[in-house]
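J.: See run-v7.tsv below, with TSV, C-alpha atoms and all ligand atoms.
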```tsv
chain	number	residue	atom	x	y	z
G	48	MET	CA	-167.42	-60.77	68.39
G	49	ILE	CA	-169.61	-58.33	70.31
G	50	HIS	CA	-170.46	-55.02	68.58
G	51	LYS	CA	-172.89	-53.69	71.13
G	52	GLN	CA	-172.47	-50.16	69.94
G	53	LYS	CA	-173.39	-50.92	66.32
G	54	THR	CA	-176.93	-50.62	65.06
G	55	LEU	CA	-178.59	-53.06	62.70
G	56	PHE	CA	-181.88	-52.49	60.91
G	57	SER	CA	-183.94	-54.80	58.76
G	58	GLY	CA	-187.55	-55.31	57.77
G	59	ILE	CA	-189.96	-57.59	55.99
G	60	GLN	CA	-193.26	-56.57	54.44
G	61	PRO	CA	-196.22	-58.19	56.18
G	62	SER	CA	-197.73	-58.81	52.75
G	63	GLY	CA	-198.39	-62.50	53.38
G	64	ILE	CA	-197.10	-65.40	55.43
G	65	LEU	CA	-193.30	-65.51	55.32
G	66	THR	CA	-191.66	-67.99	52.98
G	67	ILE	CA	-188.57	-70.09	53.52
G	68	GLY	CA	-186.92	-67.50	51.20
G	69	ASN	CA	-187.57	-64.79	53.79
G	70	TYR	CA	-186.36	-67.15	56.50
G	71	ILE	CA	-183.12	-68.13	54.82
G	72	GLY	CA	-182.37	-64.77	53.20
G	73	ALA	CA	-183.26	-62.59	56.18
G	74	ILE	CA	-184.51	-64.04	59.47
G	75	ARG	CA	-181.77	-66.64	59.84
G	76	GLN	CA	-179.20	-63.82	59.81
G	77	TRP	CA	-181.29	-61.77	62.21
G	78	LEU	CA	-181.31	-64.57	64.77
G	79	GLU	CA	-177.52	-64.59	64.83
G	80	MET	CA	-177.25	-60.81	64.84
G	81	GLN	CA	-179.63	-60.13	67.69
G	82	ASN	CA	-176.98	-61.15	70.20
G	83	GLU	CA	-174.27	-59.00	68.67
G	84	TYR	CA	-175.82	-55.69	67.62
G	85	ASN	CA	-178.42	-53.17	68.69
G	86	CYS	CA	-181.11	-54.51	66.41
G	87	LEU	CA	-184.32	-53.05	65.07
G	88	PHE	CA	-186.56	-55.42	63.16
G	89	SER	CA	-189.54	-53.84	61.53
G	90	LEU	CA	-192.83	-55.02	60.08
G	91	VAL	CA	-192.62	-52.60	57.18
G	92	ASP	CA	-196.36	-52.23	56.78
G	93	MET	CA	-196.23	-48.85	55.03
G	94	HIS	CA	-194.43	-50.59	52.19
G	95	VAL	CA	-197.24	-53.13	51.88
G	96	ILE	CA	-199.86	-50.58	50.84
G	97	THR	CA	-197.97	-49.85	47.61
G	98	VAL	CA	-200.03	-52.83	46.46
G	99	ARG	CA	-203.80	-52.81	47.11
G	100	GLN	CA	-204.78	-54.62	50.35
G	101	ASP	CA	-207.97	-55.74	51.98
G	102	PRO	CA	-207.95	-53.83	55.32
G	103	LYS	CA	-209.19	-56.72	57.46
G	104	LEU	CA	-206.81	-59.22	55.97
G	105	PHE	CA	-203.93	-56.76	56.12
G	106	ARG	CA	-204.43	-56.24	59.87
G	107	GLN	CA	-204.49	-60.02	60.45
G	108	GLN	CA	-201.47	-60.60	58.26
G	109	THR	CA	-199.42	-58.01	60.12
G	110	LEU	CA	-200.11	-59.79	63.40
G	111	ASP	CA	-199.36	-63.13	61.73
G	112	VAL	CA	-195.96	-61.91	60.63
G	113	PHE	CA	-195.18	-60.43	64.04
G	114	ALA	CA	-196.13	-63.71	65.73
G	115	LEU	CA	-193.95	-65.52	63.19
G	116	TYR	CA	-190.98	-63.27	63.99
G	117	LEU	CA	-191.38	-64.29	67.63
G	118	ALA	CA	-192.01	-67.95	66.82
G	119	CYS	CA	-188.78	-68.04	64.78
G	120	GLY	CA	-186.91	-66.88	67.88
G	121	LEU	CA	-186.57	-63.12	67.61
G	122	ASP	CA	-186.56	-61.83	71.14
G	123	PRO	CA	-188.27	-58.54	72.07
G	124	ASN	CA	-186.04	-58.32	75.14
G	125	LYS	CA	-182.97	-58.19	72.92
G	126	SER	CA	-184.23	-56.26	69.91
G	127	ILE	CA	-186.79	-53.62	69.05
G	128	ILE	CA	-189.44	-55.39	66.98
G	129	PHE	CA	-192.02	-52.88	65.79
G	130	ALA	CA	-194.49	-51.79	63.12
G	131	GLN	CA	-193.19	-49.09	60.78
G	132	SER	CA	-196.57	-47.31	60.71
G	133	HIS	CA	-196.37	-46.78	64.49
G	134	VAL	CA	-193.35	-44.50	64.15
G	135	SER	CA	-194.34	-41.48	62.09
G	136	ALA	CA	-190.74	-40.29	61.66
G	137	HIS	CA	-190.36	-42.89	58.87
G	138	SER	CA	-192.76	-41.10	56.55
G	139	GLU	CA	-191.53	-37.66	57.61
G	140	LEU	CA	-187.96	-38.51	56.70
G	141	ALA	CA	-189.10	-40.27	53.53
G	142	TRP	CA	-190.68	-37.04	52.29
G	143	ILE	CA	-187.48	-35.13	52.90
G	144	LEU	CA	-185.41	-37.77	51.14
G	145	ASN	CA	-187.86	-37.72	48.21
G	146	CYS	CA	-186.71	-34.17	47.66
G	147	ILE	CA	-183.08	-35.20	47.13
G	148	THR	CA	-183.87	-38.29	45.01
G	149	ASN	CA	-183.85	-38.12	41.23
G	150	HIS	CA	-186.71	-39.49	39.21
G	151	GLY	CA	-184.18	-41.29	37.00
G	152	GLU	CA	-182.54	-43.27	39.78
G	153	LEU	CA	-185.91	-44.63	40.91
G	154	SER	CA	-187.06	-45.61	37.45
G	155	ARG	CA	-184.03	-47.92	37.19
G	156	MET	CA	-185.12	-50.02	40.18
G	157	THR	CA	-185.77	-53.64	39.20
G	158	GLN	CA	-188.39	-54.20	41.89
G	159	PHE	CA	-190.37	-51.20	40.61
G	160	LYS	CA	-190.22	-52.47	37.04
G	161	ASP	CA	-191.28	-55.93	38.23
G	162	LYS	CA	-194.11	-54.86	40.46
G	163	SER	CA	-195.48	-52.26	38.07
G	164	GLN	CA	-195.78	-55.00	35.49
G	165	ARG	CA	-197.47	-57.35	37.92
G	166	HIS	CA	-199.86	-54.64	39.15
G	167	SER	CA	-200.28	-52.70	35.94
G	168	ASP	CA	-203.72	-51.45	37.05
G	169	ASN	CA	-202.19	-49.68	40.06
G	170	VAL	CA	-198.79	-48.19	39.30
G	171	ASN	CA	-198.96	-45.62	42.09
G	172	VAL	CA	-196.43	-43.04	43.21
G	173	GLY	CA	-195.87	-44.98	46.45
G	174	LEU	CA	-194.67	-48.00	44.50
G	175	PHE	CA	-192.26	-45.74	42.64
G	176	ALA	CA	-190.99	-44.02	45.80
G	177	TYR	CA	-190.81	-47.28	47.81
G	178	PRO	CA	-186.99	-47.37	47.91
G	179	VAL	CA	-186.91	-43.87	49.40
G	180	LEU	CA	-189.10	-44.97	52.29
G	181	MET	CA	-186.78	-47.93	52.72
G	182	ALA	CA	-183.80	-45.57	52.85
G	183	ALA	CA	-185.63	-43.53	55.50
G	184	ASP	CA	-186.24	-46.70	57.57
G	185	ILE	CA	-182.53	-47.40	57.60
G	186	LEU	CA	-181.06	-43.90	57.94
G	187	LEU	CA	-183.44	-42.83	60.69
G	188	TYR	CA	-181.71	-45.13	63.17
G	189	GLN	CA	-178.16	-44.34	62.01
G	190	SER	CA	-177.93	-48.02	61.08
G	191	ASP	CA	-174.47	-49.43	60.45
G	192	ILE	CA	-175.58	-52.75	59.01
G	193	VAL	CA	-178.56	-53.95	57.00
G	194	PRO	CA	-178.93	-57.72	56.48
G	195	VAL	CA	-181.13	-58.43	53.45
G	196	GLY	CA	-181.50	-60.91	50.59
G	197	ASP	CA	-179.77	-60.38	47.29
G	198	ASP	CA	-182.84	-58.78	45.65
G	199	GLN	CA	-182.45	-55.71	47.88
G	200	LYS	CA	-178.90	-54.83	46.79
G	201	GLN	CA	-180.05	-52.02	44.50
G	202	HIS	CA	-182.26	-50.46	47.19
G	203	LEU	CA	-179.41	-50.55	49.68
G	204	GLU	CA	-177.16	-48.81	47.21
G	205	LEU	CA	-179.75	-46.03	46.93
G	206	ALA	CA	-179.90	-45.68	50.73
G	207	ARG	CA	-176.12	-45.28	50.77
G	208	ASN	CA	-176.20	-42.72	47.96
G	209	LEU	CA	-178.91	-40.69	49.67
G	210	ALA	CA	-177.00	-40.69	52.97
G	211	GLN	CA	-173.85	-39.48	51.21
G	212	ARG	CA	-175.74	-36.90	49.17
G	213	PHE	CA	-177.47	-35.49	52.25
G	214	ASN	CA	-174.22	-35.39	54.21
G	215	HIS	CA	-172.53	-33.62	51.31
G	216	HIS	CA	-175.20	-30.92	50.96
G	217	PHE	CA	-176.21	-30.39	54.57
G	218	GLY	CA	-173.25	-31.58	56.65
G	219	GLU	CA	-172.49	-34.92	58.38
G	220	THR	CA	-175.89	-36.23	59.45
G	221	PHE	CA	-176.29	-39.89	58.53
G	222	VAL	CA	-174.23	-43.01	59.02
G	223	VAL	CA	-173.70	-44.60	55.58
G	224	PRO	CA	-175.04	-48.16	56.06
G	225	GLU	CA	-173.31	-51.36	54.94
G	226	PRO	CA	-175.34	-54.14	53.34
G	227	MET	CA	-174.96	-57.69	54.60
G	228	ILE	CA	-176.04	-60.09	51.85
G	229	PRO	CA	-175.53	-63.86	51.88
G	230	LYS	CA	-174.08	-65.34	48.69
G	231	GLN	CA	-176.53	-67.07	46.40
G	232	ALA	CA	-175.29	-70.55	47.33
G	233	GLU	CA	-175.70	-69.57	50.98
G	234	GLY	CA	-179.32	-68.62	50.48
G	235	GLY	CA	-179.11	-65.00	49.38
G	236	ARG	CA	-181.69	-65.78	46.74
G	237	ILE	CA	-183.99	-68.76	47.13
G	238	MET	CA	-185.78	-69.44	43.87
G	239	SER	CA	-189.38	-70.31	43.04
G	240	LEU	CA	-190.09	-74.06	43.10
G	241	GLN	CA	-192.12	-73.70	39.92
G	242	ASP	CA	-189.87	-71.36	37.97
G	243	PRO	CA	-186.31	-71.59	39.32
G	244	GLU	CA	-185.28	-68.56	37.24
G	245	LYS	CA	-187.51	-66.37	39.43
G	246	LYS	CA	-187.07	-65.60	43.13
G	247	MET	CA	-189.38	-67.27	45.62
G	248	SER	CA	-191.87	-64.63	46.70
G	249	LYS	CA	-194.67	-64.69	49.25
G	250	SER	CA	-196.93	-62.78	46.89
G	251	ASP	CA	-196.57	-65.27	44.01
G	252	ALA	CA	-199.96	-66.12	42.51
G	253	ASN	CA	-198.92	-69.79	42.30
G	254	GLN	CA	-198.88	-71.35	45.78
G	255	GLY	CA	-196.79	-74.24	44.55
G	256	ALA	CA	-193.96	-71.78	43.93
G	257	TYR	CA	-193.21	-71.14	47.59
G	258	ILE	CA	-193.16	-72.86	50.96
G	259	ASN	CA	-194.58	-70.66	53.62
G	260	LEU	CA	-193.59	-71.11	57.23
G	261	LEU	CA	-197.11	-72.22	58.19
G	262	ASP	CA	-197.58	-74.79	55.41
G	263	GLU	CA	-198.62	-78.20	56.76
G	264	PRO	CA	-195.96	-80.92	56.62
G	265	ASN	CA	-197.69	-82.88	53.86
G	266	LYS	CA	-198.17	-79.80	51.76
G	267	ILE	CA	-194.47	-79.03	52.14
G	268	ARG	CA	-193.49	-82.52	51.01
G	269	LYS	CA	-195.87	-82.33	48.06
G	270	LYS	CA	-194.58	-78.94	46.93
G	271	PHE	CA	-190.99	-80.20	46.95
G	272	LYS	CA	-191.97	-83.36	45.05
G	273	ARG	CA	-193.50	-81.19	42.35
G	274	ALA	CA	-190.59	-78.76	42.23
G	275	VAL	CA	-189.48	-78.05	38.67
G	276	THR	CA	-186.05	-79.53	37.82
G	277	ASP	CA	-184.14	-80.45	34.68
G	278	SER	CA	-184.11	-83.97	33.28
G	279	ASP	CA	-180.47	-85.14	33.38
G	280	ASN	CA	-180.94	-86.66	36.84
G	281	GLU	CA	-177.54	-85.59	38.16
G	282	ILE	CA	-177.45	-83.93	41.57
G	283	ARG	CA	-174.94	-81.15	41.11
G	284	PHE	CA	-174.87	-77.41	41.92
G	285	ALA	CA	-174.51	-75.62	38.57
G	286	GLU	CA	-175.70	-72.47	36.85
G	287	ASP	CA	-177.44	-74.46	34.12
G	288	LYS	CA	-179.31	-76.50	36.76
G	289	PRO	CA	-181.26	-73.81	38.64
G	290	GLY	CA	-183.95	-76.14	40.03
G	291	ILE	CA	-181.55	-78.67	41.55
G	292	SER	CA	-179.15	-75.94	42.69
G	293	ASN	CA	-182.06	-74.30	44.51
G	294	LEU	CA	-182.99	-77.56	46.25
G	295	LEU	CA	-179.35	-78.03	47.26
G	296	THR	CA	-179.22	-74.50	48.65
G	297	ILE	CA	-182.39	-75.03	50.67
G	298	TYR	CA	-181.22	-78.42	51.95
G	299	SER	CA	-177.86	-76.97	52.90
G	300	ALA	CA	-179.49	-74.02	54.70
G	301	PHE	CA	-181.69	-76.24	56.84
G	302	THR	CA	-179.11	-78.94	57.61
G	303	ASN	CA	-175.97	-76.79	57.80
G	304	LYS	CA	-174.26	-79.32	55.53
G	305	ALA	CA	-171.94	-78.00	52.83
G	306	ILE	CA	-173.34	-78.26	49.30
G	307	SER	CA	-170.30	-80.27	48.17
G	308	ASP	CA	-170.99	-82.83	50.92
G	309	ILE	CA	-174.63	-83.10	49.88
G	310	GLU	CA	-173.58	-83.66	46.25
G	311	LYS	CA	-171.38	-86.57	47.39
G	312	GLU	CA	-174.12	-87.99	49.60
G	313	TYR	CA	-176.51	-88.11	46.62
G	314	GLU	CA	-174.09	-89.40	44.02
G	315	GLY	CA	-175.91	-91.99	41.95
G	316	LYS	CA	-179.24	-91.25	43.55
G	317	GLY	CA	-182.20	-89.76	41.69
G	318	TYR	CA	-183.96	-86.42	42.11
G	319	GLY	CA	-186.83	-88.16	43.92
G	320	ALA	CA	-184.60	-89.05	46.87
G	321	LEU	CA	-183.32	-85.50	47.22
G	322	LYS	CA	-186.82	-84.02	46.96
G	323	THR	CA	-188.14	-86.38	49.65
G	324	ASP	CA	-185.28	-85.57	52.01
G	325	VAL	CA	-185.54	-81.81	51.49
G	326	GLY	CA	-189.31	-82.01	52.09
G	327	ASP	CA	-188.87	-84.02	55.31
G	328	THR	CA	-186.09	-81.77	56.57
G	329	VAL	CA	-187.99	-78.54	55.98
G	330	ALA	CA	-191.22	-79.96	57.45
G	331	ASP	CA	-189.35	-81.10	60.59
G	332	PHE	CA	-187.54	-77.80	60.89
G	333	LEU	CA	-190.74	-75.79	60.73
G	334	GLU	CA	-192.72	-77.92	63.18
G	335	PRO	CA	-191.56	-76.20	66.42
G	336	ILE	CA	-191.98	-72.77	64.78
G	337	GLN	CA	-195.54	-73.68	63.84
G	338	GLN	CA	-196.25	-74.93	67.36
G	339	LYS	CA	-194.94	-71.75	68.92
G	340	PHE	CA	-196.96	-69.67	66.45
G	341	ALA	CA	-200.14	-71.54	67.40
G	342	GLU	CA	-199.44	-70.79	71.08
G	343	ILE	CA	-198.83	-67.06	70.80
G	344	ARG	CA	-200.92	-65.92	67.83
G	345	PRO	CA	-204.36	-66.02	69.56
G	346	ASP	CA	-203.46	-63.41	72.20
G	347	GLU	CA	-203.78	-60.30	70.04
G	348	THR	CA	-203.91	-57.97	73.05
G	349	GLN	CA	-200.50	-59.18	74.16
G	350	LEU	CA	-199.05	-58.96	70.65
G	351	LEU	CA	-200.29	-55.38	70.30
G	352	LYS	CA	-198.93	-54.46	73.70
G	353	MET	CA	-195.50	-55.72	72.69
G	354	LEU	CA	-195.66	-53.77	69.45
G	355	HIS	CA	-196.68	-50.59	71.26
G	356	GLU	CA	-193.82	-50.87	73.74
G	357	ALA	CA	-191.38	-51.40	70.90
G	358	ALA	CA	-192.75	-48.44	68.94
G	359	THR	CA	-192.15	-46.15	71.91
G	360	LYS	CA	-188.51	-47.27	72.02
G	361	ALA	CA	-188.07	-46.90	68.26
G	362	ASP	CA	-189.65	-43.46	68.30
G	363	LYS	CA	-187.18	-42.31	70.96
G	364	LEU	CA	-184.27	-43.40	68.79
G	365	ALA	CA	-185.70	-41.92	65.61
G	366	ARG	CA	-186.61	-38.42	66.84
G	367	PRO	CA	-183.11	-37.06	67.39
G	368	THR	CA	-182.12	-37.98	63.81
G	369	LEU	CA	-185.25	-36.41	62.37
G	370	ASN	CA	-184.70	-33.24	64.41
G	371	LYS	CA	-181.11	-33.04	63.24
G	372	VAL	CA	-182.19	-33.47	59.62
G	373	MET	CA	-184.91	-30.82	59.88
G	374	ASP	CA	-182.54	-28.40	61.51
G	375	ALA	CA	-179.85	-28.99	58.88
G	376	ILE	CA	-182.34	-28.27	56.10
G	377	GLY	CA	-183.48	-25.02	57.67
G	378	PHE	CA	-186.94	-25.74	59.03
G	379	LEU	CA	-187.95	-23.50	61.93
G	380	PRO	CA	-187.52	-25.15	65.31
G	381	ARG	CA	-190.69	-26.64	66.84
G	382	GLY	CA	-192.16	-25.01	69.92
F	401	LIG	P1	-193.32	-59.73	48.25
F	401	LIG	O1	-193.57	-61.00	47.51
F	401	LIG	O2	-194.47	-59.25	49.05
F	401	LIG	O3	-192.69	-58.67	47.40
F	401	LIG	P2	-191.02	-61.00	49.37
F	401	LIG	O4	-191.38	-62.38	49.72
F	401	LIG	O5	-190.22	-60.78	48.15
F	401	LIG	O6	-192.28	-60.07	49.34
F	401	LIG	P3	-189.94	-59.04	51.20
F	401	LIG	O7	-190.83	-58.67	52.27
F	401	LIG	O8	-189.86	-58.12	50.04
F	401	LIG	O9	-190.29	-60.48	50.65
F	401	LIG	O10	-188.47	-59.34	51.73
F	401	LIG	C1	-188.11	-59.47	53.06
F	401	LIG	C2	-186.69	-59.96	53.18
F	401	LIG	O11	-186.59	-61.29	52.71
F	401	LIG	C3	-185.69	-59.14	52.37
F	401	LIG	O12	-184.48	-59.05	53.09
F	401	LIG	C4	-185.50	-59.97	51.15
F	401	LIG	O13	-184.25	-59.73	50.55
F	401	LIG	C5	-185.58	-61.37	51.71
F	401	LIG	N1	-186.07	-62.29	50.69
F	401	LIG	C6	-187.26	-62.26	50.07
F	401	LIG	N2	-187.39	-63.26	49.19
F	401	LIG	C7	-186.22	-63.94	49.24
F	401	LIG	C8	-185.72	-65.08	48.56
F	401	LIG	N3	-186.44	-65.70	47.64
F	401	LIG	N4	-184.48	-65.52	48.87
F	401	LIG	C9	-183.73	-64.90	49.80
F	401	LIG	N5	-184.14	-63.81	50.48
F	401	LIG	C10	-185.37	-63.33	50.21
F	402	LIG	N1	-187.68	-53.49	50.70
F	402	LIG	C1	-187.54	-54.63	51.54
F	402	LIG	C2	-188.23	-54.51	52.84
F	402	LIG	C3	-187.71	-53.35	53.59
F	402	LIG	C4	-186.45	-53.28	54.24
F	402	LIG	C5	-186.41	-51.97	54.83
F	402	LIG	C6	-185.38	-54.15	54.40
F	402	LIG	C7	-188.32	-52.16	53.77
F	402	LIG	N2	-187.56	-51.35	54.51
F	402	LIG	C8	-185.29	-51.55	55.52
F	402	LIG	C9	-184.26	-53.70	55.11
F	402	LIG	C10	-184.23	-52.43	55.66
F	402	LIG	C11	-188.09	-55.78	50.76
F	402	LIG	O1	-188.99	-55.63	50.01
F	402	LIG	N3	-187.54	-56.88	50.91
```
How would this structure read if it were set down as structure tokens?
Ligand code: ATP
Ligand code: LTN
T.:
Amino acid sequence: MIHKQKTLFSGIQPSGILTIGNYIGAIRQWLEMQNEYNCLFSLVDMHVITVRQDPKLFRQQTLDVFALYLACGLDPNKSIIFAQSHVSAHSELAWILNCITNHGELSRMTQFKDKSQRHSDNVNVGLFAYPVLMAADILLYQSDIVPVGDDQKQHLELARNLAQRFNHHFGETFVVPEPMIPKQAEGGRIMSLQDPEKKMSKSDANQGAYINLLDEPNKIRKKFKRAVTDSDNEIRFAEDKPGISNLLTIYSAFTNKAISDIEKEYEGKGYGALKTDVGDTVADFLEPIQQKFAEIRPDETQLLKMLHEAATKADKLARPTLNKVMDAIGFLPRG
């Protein structure tokens, strides 16, 4: 179905090379959506600095992630693909939304609790207010739909609450966005290969825990071979078998086979066979993406030009919302 009039917003932090978790949980949906909605896909770089970054590396990584978006098949002629820091309305709206957000609702956020533990030497106010900036990203474009992985459910709920709260106090201003989250068995939450109770994350200190989209084929195979599983040797999707269930989810995502069919296919076979096949499948799937990345990544001038053009388009869409918000609050009009 075509929903040309509907707006979709999503973003990934360029905090490292994307993992297959990001691909399955987010990008795969984006590729389908870009033909059906008015899409904005952002490199949410302002979110990245809530954790300390090396400036040189950060700049490179942001271009890496942009080139990866393109290599995966996101099309700048169909969607607006831009860097959050290039559109200043994001931080302007975030400040305003900060002023209608309660301290208590932010201190309940799981990601904040997680990250402040992991970066206990740098628990900054930005990390705390991160979900408010995310709400600003979404509300600024009057987004109808936000496709994200399961870990972002709580943040999306906050964005909806803030939209409703603002509308209630200052009059109808924002569209209240709907989340679009794949179920866990459909890849809403891909787990770490080393600790299948934890989500796969590109900033994991243990490289064996994730497959990134630029990992070499042999490295991919090795990481899957070493994936942590249980010891009963039965290939079955079950809550008490998080390692095997995760491998089944990944295999299903990259082959489009139903998990129940994969279970049948592997009846009587050992974990080794499944691990080898998942490794081969993922390595083969990523090969053309890696080739495309190698082609486009070197031309930084071109990449920047594309980002600048997109930022101009995003800015044009964002300004009217910001003006409306500022007017509703009672700021003096600008000259
Ligand atoms: P970081 O490790 O830097 O916190 P991350 O790898 O968790 O990052 P984000 O940039 O926070 O990734 O997330 C980008 C998108 O990818 C979000 O929509 C998020 O829900 C989705 N995503 C991230 N990790 C997973 C995962 N393991 N499974 C499914 N979706 C995921
Ligand atoms: N918080 C998200 C990234 C993110 C995002 C957004 C996703 C920032 N702004 C707006 C969707 C819409 C994350 O860490 N995964």
J.: Considering all atoms listed in the file, can you say which of G:Asp111, G:Glu347, G:Asp262, G:Glu342 comes closest to G:Val329?
T.: G:Asp262
J.: Near G:Glu263, within 9 Å and counting only C-alpha atoms, which residues show up once chain neighbours fewer than 4 positions away are dropped, as a list of chain:residue names?
T.: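 Near G:Glu263, the qualifying residues are G:Ile267, G:Arg268, G:Ala330, G:Glu334, G:Gln337.
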J.: Enumerate residues in contact with ligand LIG 402 (chain F): an atom-to-atom distance of at most 8 Å, counting all atoms listed in the file. Format the result as a list in words.
T.: Phe56, Ser57, Gly58, Ile59, Gln60, Ser89, Val91, His94, Tyr177, Pro178, Leu180, Met181, Ala182, Asp184, Ile185, Val193, Pro194, Val195, Gly196, Asp198, Gln199, His202 and Leu203 of chain G
J.: Can you tell me which residues surround stretch 301-305 of chain G at a distance of at most 9 Å, considering only C-alpha atoms, apart from same-chain residues fewer than 6 positions away, and format the answer as number ranges by chain?
T.: G: 71, 325, 328-329, 332
J.: With distances taken over all atoms listed in the file, which residue among G:Pro264, G:Pro102, G:Gly235, G:Pro229 lies nearest ligand LIG 401 (chain F)?
T.: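 For ligand LIG 401 (chain F), the nearest of the given residues is G:Gly235.
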J.: Taking all atoms listed in the file into account, which residues are within 9 Å of ligand LIG 401 (chain F), as a PyMOL selection string?
T.: chain G and resi 57-74+90-91+94-95+98+158+162+193-200+228-229+231+234-239+245-251+257
J.: Pick the closest to G:Asp161 from G:Leu121, G:Ile297, G:Leu174, G:Ile309: which is it, counting only C-alpha atoms?
T.: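 For G:Asp161, the nearest of the candidates is G:Leu174.
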J.: Find the residue from G:Ser154, G:Asn293, G:Thr359, G:Thr54 that sits nearest to G:Val223; use all atoms listed in the file when measuring.
T.: G:Thr54
J.: List the neighbours of G:Lys272 out to 12 Å using only C-alpha atoms; skip same-chain residues closer than 4 positions along the sequence, and give me the result as an NGL selection string.
T.: :G and (240-241 or 255-256 or 265-268 or 276 or 290-291 or 294 or 318-327)
J.: Which residue gives the smallest distance to G:Phe175 among G:Glu139, G:Glu310, G:Glu152, G:Asp122, with all atoms listed in the file counted?
T.: G:Glu152
J.: Which polymer residues, whether protein, DNA or RNA, lie within 10 Å of the coordinate (-192.8, -65.5, 69.5) when you count only C-alpha atoms? List them as a ChimeraX atom specification, using the chain letters and numbers from the file.
T.: /G:113-123,336,339-344,350
J.: Go ahead and compute the interatomic distance for atom CA of G:Phe129 and atom CA of G:Leu354, in Å to one decimal.
T.: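 According to the coordinates, atom CA of G:Phe129 and atom CA of G:Leu354 are separated by 5.2 Å.
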J.: Between atom CA of G:Gln211 and atom CA of G:Pro224, measure the distance and give it in Å to one decimal.
T.: 10.0 Å
